[in-house]
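Down below is the structure, laid out as structure tokens.
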Amino acid sequence: MEAIWQIMAAHPAAIMIFLATYAGVALGGIPGLALDRTGAALLGAIAMAAAGCVTIPAALGMVDANTIMLLYALMLLSAQFRLAGSYTRLALSLQRCIGRPAGFLLLVMGSSALLSAILVNDVICLAFTPVLTALLLQAGLNPAPYLLGLAIASNIGSAATIIGNPQNMLLGQTGQLDFGAFLAWCGPPSILALLAAYGWICLAYRGRLRRSSTPTAPAPGHDWQAFNPHQHRKALILTAALIALFFTRIPRELTALTAAGVLLCSRRMHTREMLALVDWHLITLFCGLFIVTGVLAHTGLPSALVEAIADRGGNPQNPYLLAGLTAVLSNAVSNVPAVMLLLQFLQPDNTAAWYVVALASTYAGNLVTIGSIANLITIEQAGRYGVKIGFREHARAGVPVTLLSLLILAAWIAVCF
């Protein structure tokens with residue numbers, strides 16, 4: 001403990017700025033200011049430089065360019081699918097099974113999980129929710145279980161691969177994790193968690209899958225992207241090639257950027273349209289947090305904390321403790337900031353611990369409405385059609401599903417460790 005106090009005394013400004021930044025991230029902003037989580041992270045990075053805790057060149061060096069490039073390239077790939085009308089086409093194709101509610105729910109969740117494992121889960125919810133909501137209202141079905149299934153499945157499915165969500169990309173790039181090994185470790189528990197989520201939603205909404213909670217159905221389709229078969233095929237071919245290359249030793253960020261470059265060479269899709277669909281907000285959040293946590297790491301405080309825990313007989317690498325801590329932090333400050341903080345405590349040679357953090361941080365996103373961006377996107381998009389999904393409604397499915405998912409993870413840890 002003496003070493004910890006010495007570090008805190010030597011770097012008071014850096015530690016105070018770090019704590020203030022993460023408090024702002026946890027609260028969703030800073031009281032009295034119109035800042036959101038991204039604003040808090042960016043302000044924290046600026047404060048670190050302004051206070052002399054880090055130089056500008058050193059701060060830029062703390063940003064993991066490989067992770068940013070991979071995230072950026074995959075966002076452009078998702079933009080191609082969206083502009084090609086692929087998501088809308090798939091959602092409409094599920095309509096033929098809408099007469100069988102339980103089967104339709106299974107298809108919605110399965111499609112959401114599979115697509116989220118390949119493309120960023122937030123984009124799947126953004127593109128699917130309007131079409132799905134309109135179809136459900138027209139069919140006289142209760143939208144809540146299907147929309148909750150969409151968001152929950154997108155979170156669970158995204159946990160299976162390195163490219164499924166931003167926090168997995170961060171872990172995969174920082175830890176240099178193998179794509180195939182990650183899929184082999186994280187895929188099976190994610191499949192089991194998805195089945196458990198489907199079973200719980202069917203149980204929780206038994207007898208209420210058919211009853212519509214909204215008396216009127218708005219006319220859909222006026223602002224949906226028209227389907228372009230050529231652009232759709234182009235996106236599919238590049239995605240298949242990209243995934244195949246991810247199993248090789250070629251750097252992921254290089255292959256993803258190459259695919260994005262090919263997409264930009266288009267006679268139909270304007271560069272401005274594609275770049276407009278890149279989530280610059282999320283990229284800025286990453287850059288800000290890289291700098292804030294990077295300065296903290298340079299103080300030596302994370303290493304001192306690990307040593308202090310070990311000296312008292314604790315094991316910072318205990319997978320069960322790590323899973324629980326990750327789940328709690330992910331709901332306190334959101335999963336991306338939580339993972340960025342936990343990176344300071346992960347050992348490069350203990351890859352299983354990295355897998356545990358990836359699964360726990362993503363599964364925990366289903367707990368409450370603010371647990372993941374996918375939840376918020378689904379709720380906000382559905383609200384435009386008059387469908388209200390409140391905190392209690394979400395918790396009825398989200399809390400049990402999260403607990404079941406974490407129990408499955410615990411059982412998987414017992415098998416694999």
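Letters A, B, ... mark the chains of the structure tokens in the order given; residue numbers begin at 1 per chain; ligand numbers begin at 1, in order shown.
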
Please provide as a count of residues only all residues within 9 Å of Leu70 in chain A, with the sequence filter that same-chain residues fewer than 2 positions apart are discarded (counting only C-alpha atoms).
17

For Thr161 in chain A, list every protein, DNA or RNA residue within 8 Å, evaluated using only C-alpha atoms, and leave out those in the same chain fewer than 5 positions away; present the list as a ChimeraX atom specification.
/A:117-118,168,179,182-183,186-187

Could the residues in this selection be saved with all heavy atoms as an mmCIF file, in the first residue's frame?
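Output (again-v9.cif):
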data_model
loop_
_atom_site.group_PDB
_atom_site.id
_atom_site.type_symbol
_atom_site.label_atom_id
_atom_site.label_comp_id
_atom_site.auth_asym_id
_atom_site.auth_seq_id
_atom_site.Cartn_x
_atom_site.Cartn_y
_atom_site.Cartn_z
ATOM 1 N N ALA A 117 -22.258 -10.678 -35.017
ATOM 2 C CA ALA A 117 -20.970 -11.336 -34.878
ATOM 3 C C ALA A 117 -20.025 -10.964 -36.013
ATOM 4 O O ALA A 117 -18.798 -11.051 -35.872
ATOM 5 C CB ALA A 117 -21.149 -12.858 -34.842
ATOM 6 N N ILE A 118 -20.594 -10.530 -37.129
ATOM 7 C CA ILE A 118 -19.786 -10.195 -38.312
ATOM 8 C C ILE A 118 -19.606 -8.696 -38.460
ATOM 9 O O ILE A 118 -18.540 -8.214 -38.839
ATOM 10 C CB ILE A 118 -20.448 -10.773 -39.578
ATOM 11 C CG1 ILE A 118 -20.593 -12.293 -39.453
ATOM 12 C CG2 ILE A 118 -19.645 -10.417 -40.826
ATOM 13 C CD1 ILE A 118 -21.431 -12.919 -40.539
ATOM 14 N N ASN A 168 -14.613 -5.718 -28.080
ATOM 15 C CA ASN A 168 -13.898 -6.912 -28.541
ATOM 16 C C ASN A 168 -12.768 -6.545 -29.500
ATOM 17 O O ASN A 168 -11.698 -7.153 -29.484
ATOM 18 C CB ASN A 168 -14.866 -7.879 -29.225
ATOM 19 C CG ASN A 168 -15.679 -8.687 -28.236
ATOM 20 O OD1 ASN A 168 -15.707 -8.368 -27.050
ATOM 21 N ND2 ASN A 168 -16.358 -9.707 -28.700
ATOM 22 N N PHE A 179 -7.949 -14.701 -34.266
ATOM 23 C CA PHE A 179 -9.377 -14.641 -34.615
ATOM 24 C C PHE A 179 -10.054 -15.993 -34.407
ATOM 25 O O PHE A 179 -11.132 -16.078 -33.814
ATOM 26 C CB PHE A 179 -9.530 -14.188 -36.071
ATOM 27 C CG PHE A 179 -10.949 -13.894 -36.478
ATOM 28 C CD1 PHE A 179 -11.488 -12.632 -36.307
ATOM 29 C CD2 PHE A 179 -11.745 -14.878 -37.034
ATOM 30 C CE1 PHE A 179 -12.800 -12.351 -36.676
ATOM 31 C CE2 PHE A 179 -13.053 -14.617 -37.407
ATOM 32 C CZ PHE A 179 -13.582 -13.350 -37.238
ATOM 33 N N PHE A 182 -10.230 -17.008 -30.665
ATOM 34 C CA PHE A 182 -11.248 -16.190 -29.990
ATOM 35 C C PHE A 182 -12.637 -16.752 -30.267
ATOM 36 O O PHE A 182 -13.462 -16.909 -29.359
ATOM 37 C CB PHE A 182 -11.146 -14.746 -30.488
ATOM 38 C CG PHE A 182 -11.982 -13.757 -29.713
ATOM 39 C CD1 PHE A 182 -11.393 -12.919 -28.774
ATOM 40 C CD2 PHE A 182 -13.351 -13.650 -29.920
ATOM 41 C CE1 PHE A 182 -12.157 -12.005 -28.055
ATOM 42 C CE2 PHE A 182 -14.121 -12.744 -29.216
ATOM 43 C CZ PHE A 182 -13.521 -11.923 -28.279
ATOM 44 N N LEU A 183 -12.910 -17.053 -31.530
ATOM 45 C CA LEU A 183 -14.213 -17.609 -31.915
ATOM 46 C C LEU A 183 -14.456 -18.955 -31.244
ATOM 47 O O LEU A 183 -15.563 -19.228 -30.763
ATOM 48 C CB LEU A 183 -14.280 -17.747 -33.433
ATOM 49 C CG LEU A 183 -15.550 -18.379 -34.018
ATOM 50 C CD1 LEU A 183 -16.771 -17.535 -33.668
ATOM 51 C CD2 LEU A 183 -15.421 -18.525 -35.527
ATOM 52 N N CYS A 186 -15.101 -18.121 -27.386
ATOM 53 C CA CYS A 186 -16.255 -17.274 -27.070
ATOM 54 C C CYS A 186 -17.534 -17.683 -27.794
ATOM 55 O O CYS A 186 -18.633 -17.289 -27.381
ATOM 56 C CB CYS A 186 -15.934 -15.815 -27.405
ATOM 57 S SG CYS A 186 -14.550 -15.134 -26.470
ATOM 58 N N GLY A 187 -17.404 -18.450 -28.874
ATOM 59 C CA GLY A 187 -18.582 -18.834 -29.640
ATOM 60 C C GLY A 187 -19.549 -19.752 -28.896
ATOM 61 O O GLY A 187 -20.757 -19.460 -28.809
#

Show which residues sit within 10 Å of Leu282 in chain A, as an MDAnalysis selection string. Count only C-alpha atoms, and ignore same-chain residues fewer than 4 positions away.
chainID A and resid 37:38 68 71:72 166 278 286:288 336

Which residues are near Ile46 in chain A? Cut-off 10 Å, only C-alpha atoms, ignore same chain within fewer than 2 positions. Put them as JSON, numbers by chain.
{"A": [17, 40, 41, 42, 43, 44, 48, 49, 50, 51, 54, 56, 59, 288, 291, 292]}

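If only C-alpha atoms are the atoms counted, then among A:Leu275, A:Val356, A:Ile389, A:Ile377 the closest residue to Ser154 in chain A is A:Ile377.
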
Students should find that CA of Thr21 in chain A and CA of Ala310 in chain A are spaced 27.5 Å

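Near Gln167 in chain A, within a cut-off of 10 Å and counting only C-alpha atoms, sit the residues Thr67, Ser158, Ala159, Ile162, Gly172, Gln173, Phe286, Asn335, Val336, Pro337, Ala338, Val339, Met340, Val357, Ala358, Leu359, Ser361 and Thr362 of chain A, with same-chain residues fewer than 5 positions away left out.
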
Can you tell me which residues surround range 95-111 of chain A at a distance of at most 6 Å, considering only C-alpha atoms, apart from same-chain residues fewer than 5 positions away, and format the answer as a PyMOL selection string?
chain A and resi 146+149-150+153

Of A:Leu289, A:Leu209, A:Ala308, A:Ala160, the one nearest to Leu147 in chain A when counting only C-alpha atoms is A:Leu209

As an exercise, work out the distance from CA of Arg249 in chain A to CA of Leu76 in chain A in Å and give it to one decimal place.
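Taking CA of Arg249 in chain A as the start and CA of Leu76 in chain A as the end point, the length is 22.5 Å.
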
Determine the nearest neighbour of Asn142 in chain A from the options A:Val387, A:Ile15, A:Ala91, A:Ala304, counting only C-alpha atoms.
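Comparing A:Val387, A:Ile15, A:Ala91, A:Ala304 against Asn142 in chain A, the winner is A:Val387.
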